[in-house]
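Here's the structure, in structure tokens; my notes come after.
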Amino acid sequence: MTSENKGTAQLTTAMVLSGTLGVFVVESGASPFDVVFFRVLFGALALGGYVIARGWLRDHGFTPRTLGLAVLGGVFIVFNWVLLFQSYENTSISVATVVYHTQPFYVVILGALLFRERLTAAKVGWIALAFAGLILVSGVTPADFTSGGTYIVGIGQALLAALLYGLSTLVTKRITGVRPHLIALVQVLVGIPLLLPFADFGAMAGTGADWGWLVGLGFVHTGIMYVLMYAAYAKLPTSKIAVLAFVYPAVAMVMDWAVYGHHIGLVQALGVPLIVTASLKVTLARKPAAEPARRTAAHAPAAASRTATPAASEA
């Protein structure tokens, strides 16, 4: 098997795992804050064990500046997860996941606003097309504004989660010389004290077998998935990474239908290809210098922003 084929298999596996994340969240029966707290707790154990086993804590490469950036990125990532999981409750896994995949457009817009990165007319056009698709996918009707607004809140939570993911991406892109696994480890470690005040341990006392879903979120969807993603990023060109990233929402939609009977309507489905096409066009329009192919994991810090979700989320 060639290096690129191996990377394709690794990233496809990671995206399939990411697509099952929503089911683990819902089946755990825990509140979004509790889910994220135990995800970062078990995820830190998984990633920490892997990093220690590989001996990467020595010569970690962090400086006070890059460590601070990693911590800031962790704050964005942790609350991004909370909002996304809240969106599952108020909409559905399918709708929340597709809306969440407006992340690449926030990265472009925020880069232009905060760092004066070049925003071409073509990118503006693709972003406009994506948000037209977003309107279709959201399926919002006038009745949603007069029926308590829960569905509208859920759409807003998914959009805000995507915005926080975009901020984390921009912050993490400015970290160089540090393995992405170490950046991810810092990000989940940050979540432990950050979410501790919000964790309801009393509510978790009687969850019984549901703990298995939470352990899975930490060890499978944070530990194993991250390791697979970062290994793949070092072997694949940006074009293939961008295409394979859409395995995640596809699997999430299938799982939502297979497990819960949820599916998006015909009009909503029309918006999906608009978002997918625009996302690919924006992602592949990046300069060749951003190409991660053939880099070692130690020199691919931008990949660290791709979390349990693509990104990272992937979720």
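Labeling convention for the structure tokens: chains A, B, ... as they appear, residues from 1 per chain, ligands from 1 in order of appearance.
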From a DSSP calculation on the backbone, collect every residue of stretch 167-202 of chain A in alpha helix (DSSP H) and output the set as a VMD selection string.
-> chain A and resid 167 to 172 180 to 195 201 to 202
Residues within 9 Å of A:Ser239, only C-alpha atoms, excluding chain neighbours under 5 positions, as a ChimeraX atom specification = /A:244,280,283-284,291
Save out the residues we just selected, C-alpha atoms, as a PDB file, in the first residue's frame.
ATOM      1  CA  LEU A 244     -12.734  13.151   2.303  1.00  0.00           C
ATOM      2  CA  LEU A 280     -14.464  22.589  -1.856  1.00  0.00           C
ATOM      3  CA  THR A 283     -10.685  25.169   0.425  1.00  0.00           C
ATOM      4  CA  LEU A 284      -8.924  24.311  -2.829  1.00  0.00           C
ATOM      5  CA  GLU A 291      -0.291  22.287   1.064  1.00  0.00           C
TER       6      GLU A 291
END
Please build the interface table for stretch 41-83 of chain A against stretch 221-233 of chain A with a cut-off of 8 Å, listing for each qualifying residue the nearest atom pair and the distance in Å to one decimal; count only C-alpha atoms, order rows by chain and increasing number, and write it as JSON lines.
{"residue": "A:Gly43", "atom": "CA", "partner": "A:Thr222", "partner_atom": "CA", "distance": 5.2}
{"residue": "A:Ala44", "atom": "CA", "partner": "A:Gly223", "partner_atom": "CA", "distance": 7.9}
{"residue": "A:Ala46", "atom": "CA", "partner": "A:Gly223", "partner_atom": "CA", "distance": 5.0}
{"residue": "A:Leu47", "atom": "CA", "partner": "A:Gly223", "partner_atom": "CA", "distance": 5.2}
Under the rule of at most 8 Å, produce a per-residue listing of stretch 43-76 of chain A near stretch 181-191 of chain A: chain, number, name, the closest pair of atoms, and the distance in Å, as a Markdown table, using only C-alpha atoms.
| residue | atom | partner | partner_atom | distance |
| --- | --- | --- | --- | --- |
| A:Gly43 | CA | A:Val188 | CA | 6.8 |
| A:Ala44 | CA | A:Val188 | CA | 5.8 |
| A:Leu47 | CA | A:Leu185 | CA | 6.0 |
| A:Gly48 | CA | A:Leu185 | CA | 6.6 |
| A:Val51 | CA | A:His181 | CA | 7.2 |
| A:Trp56 | CA | A:Leu182 | CA | 7.9 |
| A:Leu57 | CA | A:Leu182 | CA | 8.0 |
| A:His60 | CA | A:Leu182 | CA | 7.5 |
| A:Ala70 | CA | A:Ile183 | CA | 5.9 |
| A:Val71 | CA | A:Gln187 | CA | 5.9 |
| A:Gly73 | CA | A:Gln187 | CA | 6.7 |
| A:Gly74 | CA | A:Gln187 | CA | 3.8 |
| A:Val75 | CA | A:Val190 | CA | 6.9 |
Within 8 Å of A:Val35, counting only C-alpha atoms, which residues show up once you throw out same-chain ones fewer than 5 positions away? Write them as an MDAnalysis selection string, please.
-> chainID A and resid 25 28 30 214
Prev. selection, N, CA, C and O atoms, output as a tab-separated table (two decimals), in the first residue's frame:
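Full text of selection.tsv as output:
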chain	number	residue	atom	x	y	z
A	25	VAL	N	-23.27	11.02	21.49
A	25	VAL	CA	-23.70	12.15	22.32
A	25	VAL	C	-25.13	11.95	22.80
A	25	VAL	O	-25.43	12.07	24.00
A	28	SER	N	-25.70	8.91	25.22
A	28	SER	CA	-25.14	9.05	26.57
A	28	SER	C	-26.19	9.57	27.55
A	28	SER	O	-26.11	9.32	28.76
A	30	ALA	N	-26.56	12.43	28.65
A	30	ALA	CA	-26.03	13.50	29.50
A	30	ALA	C	-26.26	14.86	28.86
A	30	ALA	O	-26.50	14.97	27.65
A	214	LEU	N	-19.79	7.81	26.86
A	214	LEU	CA	-18.89	8.92	27.19
A	214	LEU	C	-17.42	8.50	27.07
A	214	LEU	O	-16.58	9.27	26.57
Residues within 8 Å of stretch 128-133 of chain A, only C-alpha atoms, excluding chain neighbours under 6 positions, as a VMD selection string = chain A and resid 102 270 to 276 278 to 279
Which one of A:Ile241, A:Glu27, A:Thr8, A:Tyr106 sits closest to A:Ala209 if you count only C-alpha atoms?
->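 Among the listed residues, A:Glu27 lies closest to A:Ala209.
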Hey, can you check how far atom CA of A:Phe37 sits from atom CA of A:Leu195?
->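 Those two atoms sit 5.8 Å apart.
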